[in-house]
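The data block below is run.cif; it holds mmCIF, C-alpha atoms.
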data_final
loop_
_atom_site.group_PDB
_atom_site.id
_atom_site.type_symbol
_atom_site.label_atom_id
_atom_site.label_comp_id
_atom_site.auth_asym_id
_atom_site.auth_seq_id
_atom_site.Cartn_x
_atom_site.Cartn_y
_atom_site.Cartn_z
ATOM 1 C CA MET A 1 9.028 49.489 67.701
ATOM 2 C CA GLN A 2 8.755 45.838 66.586
ATOM 3 C CA ALA A 3 10.921 46.601 63.542
ATOM 4 C CA VAL A 4 13.565 48.216 65.742
ATOM 5 C CA CYS A 5 13.548 45.232 68.111
ATOM 6 C CA PHE A 6 13.805 42.852 65.157
ATOM 7 C CA LEU A 7 16.817 44.702 63.773
ATOM 8 C CA ALA A 8 18.423 44.822 67.187
ATOM 9 C CA LEU A 9 17.882 41.096 67.588
ATOM 10 C CA LEU A 10 19.558 40.400 64.260
ATOM 11 C CA GLY A 11 22.434 42.585 65.353
ATOM 12 C CA LEU A 12 22.944 40.382 68.383
ATOM 13 C CA LEU A 13 22.610 37.253 66.279
ATOM 14 C CA ALA A 14 25.125 38.301 63.643
ATOM 15 C CA LEU A 15 28.180 37.564 65.767
ATOM 16 C CA SER A 16 31.544 37.404 64.136
ATOM 17 C CA ALA A 17 32.304 33.895 62.892
ATOM 18 C CA PRO A 18 34.543 32.198 60.335
ATOM 19 C CA ALA A 19 33.171 31.146 56.979
ATOM 20 C CA ALA A 20 31.261 27.872 57.075
ATOM 21 C CA ASP A 21 31.026 25.055 54.592
ATOM 22 C CA ALA A 22 27.329 24.545 53.937
ATOM 23 C CA ARG A 23 27.737 20.813 54.564
ATOM 24 C CA GLN A 24 28.901 21.495 58.117
ATOM 25 C CA LEU A 25 26.081 23.902 58.937
ATOM 26 C CA LYS A 26 24.302 21.731 61.482
ATOM 27 C CA GLN A 27 27.524 21.089 63.350
ATOM 28 C CA ASP A 28 28.652 24.739 63.276
ATOM 29 C CA THR A 29 27.205 26.518 66.293
ATOM 30 C CA THR A 30 28.695 29.843 65.148
ATOM 31 C CA ILE A 31 26.137 30.097 62.333
ATOM 32 C CA THR A 32 23.342 32.488 63.289
ATOM 33 C CA ASP A 33 19.826 33.192 62.110
ATOM 34 C CA ALA A 34 21.231 36.244 60.331
ATOM 35 C CA ASP A 35 23.627 34.015 58.379
ATOM 36 C CA ILE A 36 20.738 31.821 57.307
ATOM 37 C CA LEU A 37 18.751 34.865 56.187
ATOM 38 C CA ASN A 38 21.747 36.012 54.158
ATOM 39 C CA PHE A 39 21.809 32.594 52.513
ATOM 40 C CA ALA A 40 18.146 33.140 51.626
ATOM 41 C CA LEU A 41 18.990 36.636 50.343
ATOM 42 C CA ASN A 42 21.421 35.116 47.836
ATOM 43 C CA LEU A 43 18.661 32.862 46.525
ATOM 44 C CA GLU A 44 16.179 35.728 46.346
ATOM 45 C CA CYS A 45 18.726 37.803 44.408
ATOM 46 C CA LEU A 46 18.935 35.051 41.784
ATOM 47 C CA GLU A 47 15.176 34.748 41.430
ATOM 48 C CA ALA A 48 14.589 38.499 41.413
ATOM 49 C CA GLN A 49 17.253 39.099 38.749
ATOM 50 C CA PHE A 50 15.753 36.392 36.535
ATOM 51 C CA TYR A 51 12.175 37.614 36.754
ATOM 52 C CA HIS A 52 13.087 41.300 36.534
ATOM 53 C CA CYS A 53 15.140 40.675 33.411
ATOM 54 C CA ALA A 54 12.435 38.511 31.846
ATOM 55 C CA VAL A 55 9.721 41.104 32.429
ATOM 56 C CA TYR A 56 11.548 44.424 32.124
ATOM 57 C CA GLY A 57 14.723 43.528 30.254
ATOM 58 C CA THR A 58 16.943 45.175 32.885
ATOM 59 C CA PRO A 59 18.802 44.040 36.028
ATOM 60 C CA LEU A 60 17.781 44.930 39.564
ATOM 61 C CA SER A 61 18.655 48.384 40.843
ATOM 62 C CA GLU A 62 21.934 48.973 42.649
ATOM 63 C CA GLU A 63 19.894 49.764 45.741
ATOM 64 C CA LEU A 64 18.389 46.276 45.799
ATOM 65 C CA THR A 65 21.665 44.518 45.013
ATOM 66 C CA ALA A 66 23.700 46.751 47.368
ATOM 67 C CA GLY A 67 25.987 47.500 44.445
ATOM 68 C CA GLY A 68 26.249 43.882 43.330
ATOM 69 C CA PRO A 69 27.316 43.024 39.770
ATOM 70 C CA ALA A 70 24.905 42.942 36.836
ATOM 71 C CA PRO A 71 23.773 39.420 35.933
ATOM 72 C CA ILE A 72 25.098 37.434 33.001
ATOM 73 C CA GLY A 73 22.527 36.839 30.269
ATOM 74 C CA CYS A 74 19.896 39.388 31.289
ATOM 75 C CA GLN A 75 17.273 39.882 28.582
ATOM 76 C CA GLN A 76 13.563 40.442 28.172
ATOM 77 C CA ALA A 77 11.475 37.360 27.476
ATOM 78 C CA ASN A 78 9.382 37.035 24.349
ATOM 79 C CA PHE A 79 5.996 36.896 26.067
ATOM 80 C CA THR A 80 2.977 36.445 23.812
ATOM 81 C CA ASN A 81 0.520 35.102 26.382
ATOM 82 C CA ASP A 82 -0.965 37.802 28.622
ATOM 83 C CA ASP A 83 -1.594 35.345 31.461
ATOM 84 C CA VAL A 84 2.052 34.259 31.566
ATOM 85 C CA LEU A 85 3.217 37.871 31.361
ATOM 86 C CA ASN A 86 0.928 38.824 34.253
ATOM 87 C CA LEU A 87 2.260 35.886 36.259
ATOM 88 C CA ALA A 88 5.857 36.854 35.527
ATOM 89 C CA THR A 89 5.194 40.479 36.461
ATOM 90 C CA ASN A 90 3.575 39.541 39.769
ATOM 91 C CA VAL A 91 6.364 37.122 40.640
ATOM 92 C CA ALA A 92 9.007 39.707 39.721
ATOM 93 C CA GLN A 93 7.417 42.191 42.104
ATOM 94 C CA ASP A 94 7.191 39.586 44.880
ATOM 95 C CA GLU A 95 10.835 38.580 44.523
ATOM 96 C CA MET A 96 11.975 42.211 44.526
ATOM 97 C CA LYS A 97 10.037 42.742 47.752
ATOM 98 C CA HIS A 98 11.640 39.641 49.272
ATOM 99 C CA VAL A 99 15.102 41.029 48.490
ATOM 100 C CA ALA A 100 14.170 44.415 49.945
ATOM 101 C CA PHE A 101 12.636 42.854 53.062
ATOM 102 C CA LEU A 102 15.619 40.660 53.823
ATOM 103 C CA ARG A 103 18.078 43.461 53.126
ATOM 104 C CA ASN A 104 16.192 45.913 55.350
ATOM 105 C CA ALA A 105 15.790 43.355 58.123
ATOM 106 C CA LEU A 106 19.480 42.459 58.095
ATOM 107 C CA GLY A 107 20.595 46.075 57.815
ATOM 108 C CA ASN A 108 24.386 46.403 57.860
ATOM 109 C CA TYR A 109 24.725 42.611 58.084
ATOM 110 C CA SER A 110 23.122 42.026 54.674
ATOM 111 C CA VAL A 111 25.407 40.777 51.924
ATOM 112 C CA GLN A 112 25.750 42.155 48.434
ATOM 113 C CA CYS A 113 23.893 40.264 45.722
ATOM 114 C CA PRO A 114 26.409 37.941 44.037
ATOM 115 C CA LEU A 115 27.130 37.577 40.344
ATOM 116 C CA VAL A 116 24.424 35.353 38.844
ATOM 117 C CA ASP A 117 24.257 33.665 35.460
ATOM 118 C CA ILE A 118 20.703 33.696 34.118
ATOM 119 C CA GLY A 119 21.683 33.001 30.522
ATOM 120 C CA PRO A 120 24.188 30.274 29.604
ATOM 121 C CA ALA A 121 23.574 28.491 32.928
ATOM 122 C CA PHE A 122 20.025 27.670 31.821
ATOM 123 C CA ALA A 123 21.385 26.091 28.646
ATOM 124 C CA ALA A 124 23.870 24.048 30.688
ATOM 125 C CA ALA A 125 21.114 22.898 33.044
ATOM 126 C CA ALA A 126 18.869 21.863 30.148
ATOM 127 C CA ASN A 127 21.702 19.975 28.467
ATOM 128 C CA ALA A 128 22.419 18.120 31.705
ATOM 129 C CA ALA A 129 18.760 17.311 32.273
ATOM 130 C CA LEU A 130 18.210 15.850 28.801
ATOM 131 C CA GLY A 131 21.684 14.362 28.423
ATOM 132 C CA MET A 132 22.446 16.095 25.135
ATOM 133 C CA ASP A 133 23.642 19.393 23.717
ATOM 134 C CA LEU A 134 20.448 21.112 22.658
ATOM 135 C CA SER A 135 20.417 23.110 19.437
ATOM 136 C CA PRO A 136 19.633 25.920 19.574
ATOM 137 C CA PRO A 137 20.707 26.263 23.220
ATOM 138 C CA PHE A 138 17.802 26.384 25.659
ATOM 139 C CA SER A 139 16.803 29.873 26.779
ATOM 140 C CA PRO A 140 13.918 30.712 29.121
ATOM 141 C CA TYR A 141 13.479 33.994 27.237
ATOM 142 C CA THR A 142 12.534 32.337 23.935
ATOM 143 C CA ASN A 143 8.811 32.021 24.590
ATOM 144 C CA ASP A 144 6.168 31.720 27.301
ATOM 145 C CA LEU A 145 6.554 27.962 27.685
ATOM 146 C CA PHE A 146 10.333 28.024 27.998
ATOM 147 C CA PHE A 147 10.030 30.835 30.551
ATOM 148 C CA LEU A 148 7.859 28.537 32.673
ATOM 149 C CA HIS A 149 10.544 25.839 32.451
ATOM 150 C CA GLY A 150 13.137 28.278 33.757
ATOM 151 C CA ALA A 151 10.841 29.408 36.554
ATOM 152 C CA PHE A 152 10.215 25.772 37.509
ATOM 153 C CA ILE A 153 13.920 25.237 38.148
ATOM 154 C CA PHE A 154 14.047 28.049 40.704
ATOM 155 C CA GLU A 155 10.682 27.923 42.450
ATOM 156 C CA ASP A 156 10.821 24.298 43.588
ATOM 157 C CA VAL A 157 14.359 24.782 44.882
ATOM 158 C CA GLY A 158 13.254 27.897 46.766
ATOM 159 C CA VAL A 159 10.377 26.107 48.470
ATOM 160 C CA THR A 160 12.515 23.160 49.579
ATOM 161 C CA ALA A 161 15.319 25.506 50.687
ATOM 162 C CA TYR A 162 13.054 27.480 53.027
ATOM 163 C CA LYS A 163 11.558 24.234 54.322
ATOM 164 C CA GLY A 164 15.067 22.927 55.043
ATOM 165 C CA ALA A 165 16.086 26.138 56.794
ATOM 166 C CA ALA A 166 13.083 26.201 59.133
ATOM 167 C CA PRO A 167 14.507 23.784 61.774
ATOM 168 C CA LEU A 168 17.781 25.735 61.814
ATOM 169 C CA LEU A 169 16.195 29.054 62.762
ATOM 170 C CA THR A 170 16.037 29.772 66.482
ATOM 171 C CA ASN A 171 14.041 32.990 66.738
ATOM 172 C CA PRO A 172 10.223 32.725 66.349
ATOM 173 C CA THR A 173 9.925 36.132 64.650
ATOM 174 C CA ILE A 174 12.487 35.208 62.030
ATOM 175 C CA LEU A 175 10.923 31.774 61.572
ATOM 176 C CA SER A 176 7.517 33.387 61.014
ATOM 177 C CA ALA A 177 8.922 35.699 58.343
ATOM 178 C CA ALA A 178 10.684 32.809 56.596
ATOM 179 C CA ALA A 179 7.468 30.766 56.680
ATOM 180 C CA GLY A 180 5.650 33.650 55.032
ATOM 181 C CA ILE A 181 8.190 33.814 52.211
ATOM 182 C CA LEU A 182 8.028 30.024 51.805
ATOM 183 C CA ALA A 183 4.250 30.267 51.368
ATOM 184 C CA VAL A 184 4.601 32.862 48.618
ATOM 185 C CA GLU A 185 7.214 30.747 46.822
ATOM 186 C CA ALA A 186 4.854 27.772 47.067
ATOM 187 C CA TYR A 187 2.029 29.789 45.498
ATOM 188 C CA HIS A 188 4.370 30.722 42.656
ATOM 189 C CA ALA A 189 5.448 27.118 42.202
ATOM 190 C CA GLY A 190 1.857 25.856 42.210
ATOM 191 C CA TYR A 191 0.810 28.194 39.410
ATOM 192 C CA ILE A 192 3.892 27.382 37.365
ATOM 193 C CA ARG A 193 3.380 23.637 37.836
ATOM 194 C CA THR A 194 -0.282 23.943 36.841
ATOM 195 C CA SER A 195 0.659 25.817 33.675
ATOM 196 C CA LEU A 196 3.252 23.190 32.772
ATOM 197 C CA ILE A 197 0.802 20.352 33.456
ATOM 198 C CA GLN A 198 -1.724 21.987 31.141
ATOM 199 C CA ASN A 199 0.929 22.042 28.411
ATOM 200 C CA GLY A 200 2.442 18.674 29.247
ATOM 201 C CA ASP A 201 1.744 17.090 25.850
ATOM 202 C CA VAL A 202 3.135 19.976 23.832
ATOM 203 C CA VAL A 203 6.139 18.804 21.820
ATOM 204 C CA THR A 204 9.036 21.253 21.993
ATOM 205 C CA PRO A 205 11.472 22.025 19.149
ATOM 206 C CA TYR A 206 13.844 19.555 20.830
ATOM 207 C CA GLY A 207 11.579 16.642 19.889
ATOM 208 C CA VAL A 208 10.370 15.880 23.425
ATOM 209 C CA ASN A 209 7.264 17.071 25.195
ATOM 210 C CA VAL A 210 7.008 19.431 28.145
ATOM 211 C CA THR A 211 6.375 16.652 30.662
ATOM 212 C CA THR A 212 9.565 14.874 29.638
ATOM 213 C CA ILE A 213 11.649 18.034 30.047
ATOM 214 C CA VAL A 214 10.169 18.969 33.419
ATOM 215 C CA ASN A 215 10.546 15.451 34.818
ATOM 216 C CA SER A 216 14.129 15.395 33.531
ATOM 217 C CA ILE A 217 14.833 18.657 35.364
ATOM 218 C CA ALA A 218 13.465 17.116 38.566
ATOM 219 C CA ALA A 219 15.585 14.000 38.062
ATOM 220 C CA ILE A 220 18.800 15.963 37.540
ATOM 221 C CA ARG A 221 18.086 17.920 40.722
ATOM 222 C CA ASP A 222 17.848 14.619 42.556
ATOM 223 C CA MET A 223 21.171 13.519 41.134
ATOM 224 C CA LEU A 224 22.880 16.819 41.953
ATOM 225 C CA ASP A 225 21.674 17.147 45.542
ATOM 226 C CA GLY A 226 22.717 13.592 46.372
ATOM 227 C CA THR A 227 19.486 12.609 48.102
ATOM 228 C CA GLU A 228 17.976 9.171 48.029
ATOM 229 C CA THR A 229 14.442 10.559 47.885
ATOM 230 C CA ASP A 230 13.114 10.174 44.375
ATOM 231 C CA ASP A 231 12.909 13.783 43.284
ATOM 232 C CA GLU A 232 11.408 12.676 40.009
ATOM 233 C CA VAL A 233 8.303 12.855 42.197
ATOM 234 C CA GLY A 234 9.142 16.547 42.049
ATOM 235 C CA GLY A 235 8.265 16.514 38.358
ATOM 236 C CA ILE A 236 4.757 17.034 37.050
ATOM 237 C CA TYR A 237 3.896 13.439 36.132
ATOM 238 C CA ASP A 238 4.300 10.211 38.076
ATOM 239 C CA VAL A 239 5.046 7.495 35.529
ATOM 240 C CA THR A 240 4.247 4.799 38.093
ATOM 241 C CA THR A 241 0.748 5.948 39.009
ATOM 242 C CA GLY A 242 -0.065 7.821 35.832
ATOM 243 C CA GLU A 243 -1.066 10.890 37.848
ATOM 244 C CA PHE A 244 -0.092 14.517 37.488
ATOM 245 C CA LEU A 245 1.702 16.077 40.455
ATOM 246 C CA LEU A 246 0.900 19.537 41.770
ATOM 247 C CA ALA A 247 3.491 19.506 44.549
ATOM 248 C CA PRO A 248 6.762 17.677 45.369
ATOM 249 C CA VAL A 249 5.689 15.914 48.559
ATOM 250 C CA ASP A 250 6.393 12.764 50.550
ATOM 251 C CA MET A 251 3.913 10.027 51.482
ATOM 252 C CA ASN A 252 2.421 12.312 54.124
ATOM 253 C CA ALA A 253 1.891 15.141 51.613
ATOM 254 C CA ILE A 254 4.668 17.169 53.264
ATOM 255 C CA VAL A 255 6.992 19.059 50.933
ATOM 256 C CA PHE A 256 10.576 17.833 50.697
ATOM 257 C CA SER A 257 13.412 19.707 52.416
ATOM 258 C CA ARG A 258 16.869 20.600 51.168
ATOM 259 C CA THR A 259 19.878 21.583 53.250
ATOM 260 C CA PRO A 260 21.950 24.612 52.214
ATOM 261 C CA ALA A 261 24.564 22.229 50.792
ATOM 262 C CA GLN A 262 21.969 20.413 48.694
ATOM 263 C CA VAL A 263 20.623 23.715 47.414
ATOM 264 C CA LEU A 264 24.133 24.777 46.395
ATOM 265 C CA ASP A 265 24.723 21.406 44.723
ATOM 266 C CA ILE A 266 21.810 22.270 42.436
ATOM 267 C CA VAL A 267 22.358 25.971 41.760
ATOM 268 C CA TYR A 268 26.111 25.432 41.263
ATOM 269 C CA LEU A 269 25.179 22.629 38.815
ATOM 270 C CA GLY A 270 27.606 20.206 40.401
ATOM 271 C CA SER A 271 28.864 20.509 43.947
ATOM 272 C CA SER A 272 28.429 22.936 46.825
ATOM 273 C CA SER A 273 32.218 22.970 47.160
ATOM 274 C CA LYS A 274 32.756 24.321 43.619
ATOM 275 C CA PRO A 275 30.998 27.545 42.551
ATOM 276 C CA GLY A 276 29.526 27.553 39.070
ATOM 277 C CA GLY A 277 26.225 27.222 37.292
ATOM 278 C CA PHE A 278 23.879 30.022 38.275
ATOM 279 C CA TYR A 279 26.504 31.459 40.681
ATOM 280 C CA PRO A 280 29.817 31.602 38.765
ATOM 281 C CA ASN A 281 31.700 33.052 41.739
ATOM 282 C CA GLY A 282 29.629 31.417 44.466
ATOM 283 C CA ILE A 283 27.272 33.062 46.938
ATOM 284 C CA ASN A 284 28.114 35.700 49.536
ATOM 285 C CA GLY A 285 28.054 35.244 53.299
ATOM 286 C CA LYS A 286 29.264 32.747 55.881
ATOM 287 C CA ILE A 287 27.282 29.865 54.431
ATOM 288 C CA HIS A 288 28.791 29.034 51.073
#

For the file at hand, write its structure as structure tokens.
Amino acid sequence: MQAVCFLALLGLLALSAPAADARQLKQDTTITDADILNFALNLECLEAQFYHCAVYGTPLSEELTAGGPAPIGCQQANFTNDDVLNLATNVAQDEMKHVAFLRNALGNYSVQCPLVDIGPAFAAAANAALGMDLSPPFSPYTNDLFFLHGAFIFEDVGVTAYKGAAPLLTNPTILSAAAGILAVEAYHAGYIRTSLIQNGDVVTPYGVNVTTIVNSIAAIRDMLDGTETDDEVGGIYDVTTGEFLLAPVDMNAIVFSRTPAQVLDIVYLGSSSKPGGFYPNGINGKIH
């Protein structure tokens, strides 16, 4: 009965409305909780495709994507560490369940998974982060350590995206579900950060160590999302204090938030107004 009521509620929330620029979300009263969940579904599709490809070497099923296109660059990762493989497998299963949950909850209002680039886009992101054209191009499927770098890009963004969406949700049941997904993403991010911290001094084939790459990724996110908060704190090492960082938090140990526009700035690798990066054709739904 609760599931039926939840679906009925989403049906009432998903009122017809024109497409909305993500930057105008807070001012657009036509955006509903269902629209925000569809925005989250787009993000979950990206994560699920990446992890499923890395673990199994195949895209998500048509059932999960609602007939969405196969991803660009899907391939199985070269895992040699059983712990990392187990992590990747668990995360892949979690992300698939998130996609299924959101799609089932939204019912006929759920959007199709968009085209995602989980191959060349990683190379472009790495080049931007380090300010050079890496040779060979960076790929998260090369080895266990590079897989963790790729996962780091997505998990932190996911956590801050759900945190940013929380104040925009109006229904307590939907908010509770979103909070539960945020918690799972945070667990994923914590494990990935810990693994990267433990390998922070490892020098990569690009001549820089893991800490340098991860902190550079955090810095480029800060530049892309246009915030004045120092997202280099979102890296794994604080050069000012000399301390490792388990979580990207403010002075009150509260995780940072990102608006939908800031999230798109990052995953589009440029601007929320110009699709690209990990979403070559943009995301689906009213918030884009």

For this session: Apply the PyMOL selection byres ((chain A and resi 268) around 10) to the displayed file and report the matching residues as a ChimeraX atom specification.
Result: /A:121,125,224,262-267,269-283

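Take CA of Glu155 (chain A) and CA of Ile72 (chain A): the distance between them is 19.7 Å.
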
Care to translate the PyMOL selection byres ((chain A and resi 133-144) around 12) into actual residues of this file, as a short mmCIF file (atom, residue, chain, number, x, y, z; two decimals) with C-alpha atoms, in the coordinates of the input?
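Saved file expr.cif follows:
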data_model
loop_
_atom_site.label_atom_id
_atom_site.label_comp_id
_atom_site.auth_asym_id
_atom_site.auth_seq_id
_atom_site.Cartn_x
_atom_site.Cartn_y
_atom_site.Cartn_z
CA PHE A 50 15.75 36.39 36.53
CA TYR A 51 12.18 37.61 36.75
CA HIS A 52 13.09 41.30 36.53
CA CYS A 53 15.14 40.67 33.41
CA ALA A 54 12.44 38.51 31.85
CA VAL A 55 9.72 41.10 32.43
CA TYR A 56 11.55 44.42 32.12
CA GLY A 57 14.72 43.53 30.25
CA GLY A 73 22.53 36.84 30.27
CA CYS A 74 19.90 39.39 31.29
CA GLN A 75 17.27 39.88 28.58
CA GLN A 76 13.56 40.44 28.17
CA ALA A 77 11.48 37.36 27.48
CA ASN A 78 9.38 37.03 24.35
CA PHE A 79 6.00 36.90 26.07
CA THR A 80 2.98 36.44 23.81
CA ASN A 81 0.52 35.10 26.38
CA ASP A 82 -0.96 37.80 28.62
CA ASP A 83 -1.59 35.34 31.46
CA VAL A 84 2.05 34.26 31.57
CA LEU A 85 3.22 37.87 31.36
CA ASN A 86 0.93 38.82 34.25
CA LEU A 87 2.26 35.89 36.26
CA ALA A 88 5.86 36.85 35.53
CA ILE A 118 20.70 33.70 34.12
CA GLY A 119 21.68 33.00 30.52
CA PRO A 120 24.19 30.27 29.60
CA ALA A 121 23.57 28.49 32.93
CA PHE A 122 20.02 27.67 31.82
CA ALA A 123 21.38 26.09 28.65
CA ALA A 124 23.87 24.05 30.69
CA ALA A 125 21.11 22.90 33.04
CA ALA A 126 18.87 21.86 30.15
CA ASN A 127 21.70 19.98 28.47
CA ALA A 128 22.42 18.12 31.70
CA ALA A 129 18.76 17.31 32.27
CA LEU A 130 18.21 15.85 28.80
CA GLY A 131 21.68 14.36 28.42
CA MET A 132 22.45 16.10 25.14
CA LEU A 145 6.55 27.96 27.68
CA PHE A 146 10.33 28.02 28.00
CA PHE A 147 10.03 30.84 30.55
CA LEU A 148 7.86 28.54 32.67
CA HIS A 149 10.54 25.84 32.45
CA GLY A 150 13.14 28.28 33.76
CA ALA A 151 10.84 29.41 36.55
CA PHE A 152 10.22 25.77 37.51
CA ILE A 153 13.92 25.24 38.15
CA PHE A 154 14.05 28.05 40.70
CA ILE A 192 3.89 27.38 37.36
CA SER A 195 0.66 25.82 33.67
CA LEU A 196 3.25 23.19 32.77
CA ASN A 199 0.93 22.04 28.41
CA THR A 204 9.04 21.25 21.99
CA PRO A 205 11.47 22.02 19.15
CA TYR A 206 13.84 19.56 20.83
CA GLY A 207 11.58 16.64 19.89
CA VAL A 208 10.37 15.88 23.42
CA ILE A 213 11.65 18.03 30.05
#

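Rounded to one decimal, CA of Ile174 (chain A) and CA of Ala34 (chain A) lie 9.0 Å from each other.
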
For this session: Return the single residue from A:Leu64, A:Cys113, A:Ala247, A:Leu106 that is closest to Val159 (chain A), with distances computed using all atoms listed in the file.
Result: A:Ala247

Exercise. What does the distance between CA of Leu169 (chain A) and CA of Tyr191 (chain A) come to in Å, to one decimal place?
Worked result: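 We find that CA of Leu169 (chain A) and CA of Tyr191 (chain A) lie 28.0 Å from each other.
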
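Among the candidate residues A:Thr58, A:Thr160, A:Asn284, A:Asn215, the one lying nearest to Pro114 (chain A) is A:Asn284, with distances computed using only C-alpha atoms.
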
Exercise. Using all atoms listed in the file, which of A:Val99, A:Gln93, A:Ala66, A:Tyr162 sits nearest Gly180 (chain A)?
Worked result: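 Closest to Gly180 (chain A) of all the choices is A:Tyr162.
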
For this session: Name the closest residue to Asp117 (chain A) among the candidates A:Ala165, A:Leu43, A:Ala70, A:Leu175; distances are taken between atoms, counting only C-alpha atoms.
Result: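 Closest to Asp117 (chain A), using only C-alpha atoms: A:Ala70.
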
For this session: Do a neighbour search on Ser110 (chain A) at 9 Å with all atoms listed in the file, toss out local chain neighbours closer than 2 positions, and write the hits as an MDAnalysis selection string.
Result: chainID A and resid 34:35 37:38 41 66 102:108 112 285

For this session: Identify which of the residues A:Glu62, A:His188, A:Ala177, A:Ala218 lies closest to Asn90 (chain A), counting all atoms listed in the file when measuring atom-to-atom distances.
Result: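 Comparing A:Glu62, A:His188, A:Ala177, A:Ala218 against Asn90 (chain A), the winner is A:His188.
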
Using only the atoms of region 232-247 of chain A listed in the file, plus 5 Å on each side, state the axis-aligned box centre and edge lengths in Å rounded to one decimal, as AutoDock Vina command-line options.
--center_x 5.2 --center_y 12.2 --center_z 40.0 --size_x 22.5 --size_y 24.7 --size_z 19.0

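Between Asp225 (chain A) and the residues A:Pro172, A:Pro260, A:Pro248, A:Gly200, the shortest atom-to-atom distance, using all atoms listed in the file, involves A:Pro260.
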
Exercise. Applied to this file, what does the PyMOL selection byres ((chain A and resi 167) around 12) return in terms of residues, put as an MDAnalysis selection string?
Worked result: chainID A and resid 25:26 33 36 161:166 168:172 174:176 178:179 257:259

Limited to C-alpha atoms, could you put the picked residues into a file as a PDB file, in the frame of the given file?
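Dumped everything to part14.pdb:
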ATOM      1  CA  LEU A  25      26.081  23.902  58.937  1.00  0.00           C
ATOM      2  CA  LYS A  26      24.302  21.731  61.482  1.00  0.00           C
ATOM      3  CA  ASP A  33      19.826  33.192  62.110  1.00  0.00           C
ATOM      4  CA  ILE A  36      20.738  31.821  57.307  1.00  0.00           C
ATOM      5  CA  ALA A 161      15.319  25.506  50.687  1.00  0.00           C
ATOM      6  CA  TYR A 162      13.054  27.480  53.027  1.00  0.00           C
ATOM      7  CA  LYS A 163      11.558  24.234  54.322  1.00  0.00           C
ATOM      8  CA  GLY A 164      15.067  22.927  55.043  1.00  0.00           C
ATOM      9  CA  ALA A 165      16.086  26.138  56.794  1.00  0.00           C
ATOM     10  CA  ALA A 166      13.083  26.201  59.133  1.00  0.00           C
ATOM     11  CA  LEU A 168      17.781  25.735  61.814  1.00  0.00           C
ATOM     12  CA  LEU A 169      16.195  29.054  62.762  1.00  0.00           C
ATOM     13  CA  THR A 170      16.037  29.772  66.482  1.00  0.00           C
ATOM     14  CA  ASN A 171      14.041  32.990  66.738  1.00  0.00           C
ATOM     15  CA  PRO A 172      10.223  32.725  66.349  1.00  0.00           C
ATOM     16  CA  ILE A 174      12.487  35.208  62.030  1.00  0.00           C
ATOM     17  CA  LEU A 175      10.923  31.774  61.572  1.00  0.00           C
ATOM     18  CA  SER A 176       7.517  33.387  61.014  1.00  0.00           C
ATOM     19  CA  ALA A 178      10.684  32.809  56.596  1.00  0.00           C
ATOM     20  CA  ALA A 179       7.468  30.766  56.680  1.00  0.00           C
ATOM     21  CA  SER A 257      13.412  19.707  52.416  1.00  0.00           C
ATOM     22  CA  ARG A 258      16.869  20.600  51.168  1.00  0.00           C
ATOM     23  CA  THR A 259      19.878  21.583  53.250  1.00  0.00           C
TER      24      THR A 259
END

For this session: Compile the contact shell of Glu243 (chain A) as JSON, numbers by chain: residues with an atom at most 12 Å away, counting only C-alpha atoms, same-chain residues fewer than 4 positions apart removed.
Result: {"A": [197, 211, 233, 235, 236, 237, 238, 239, 247]}
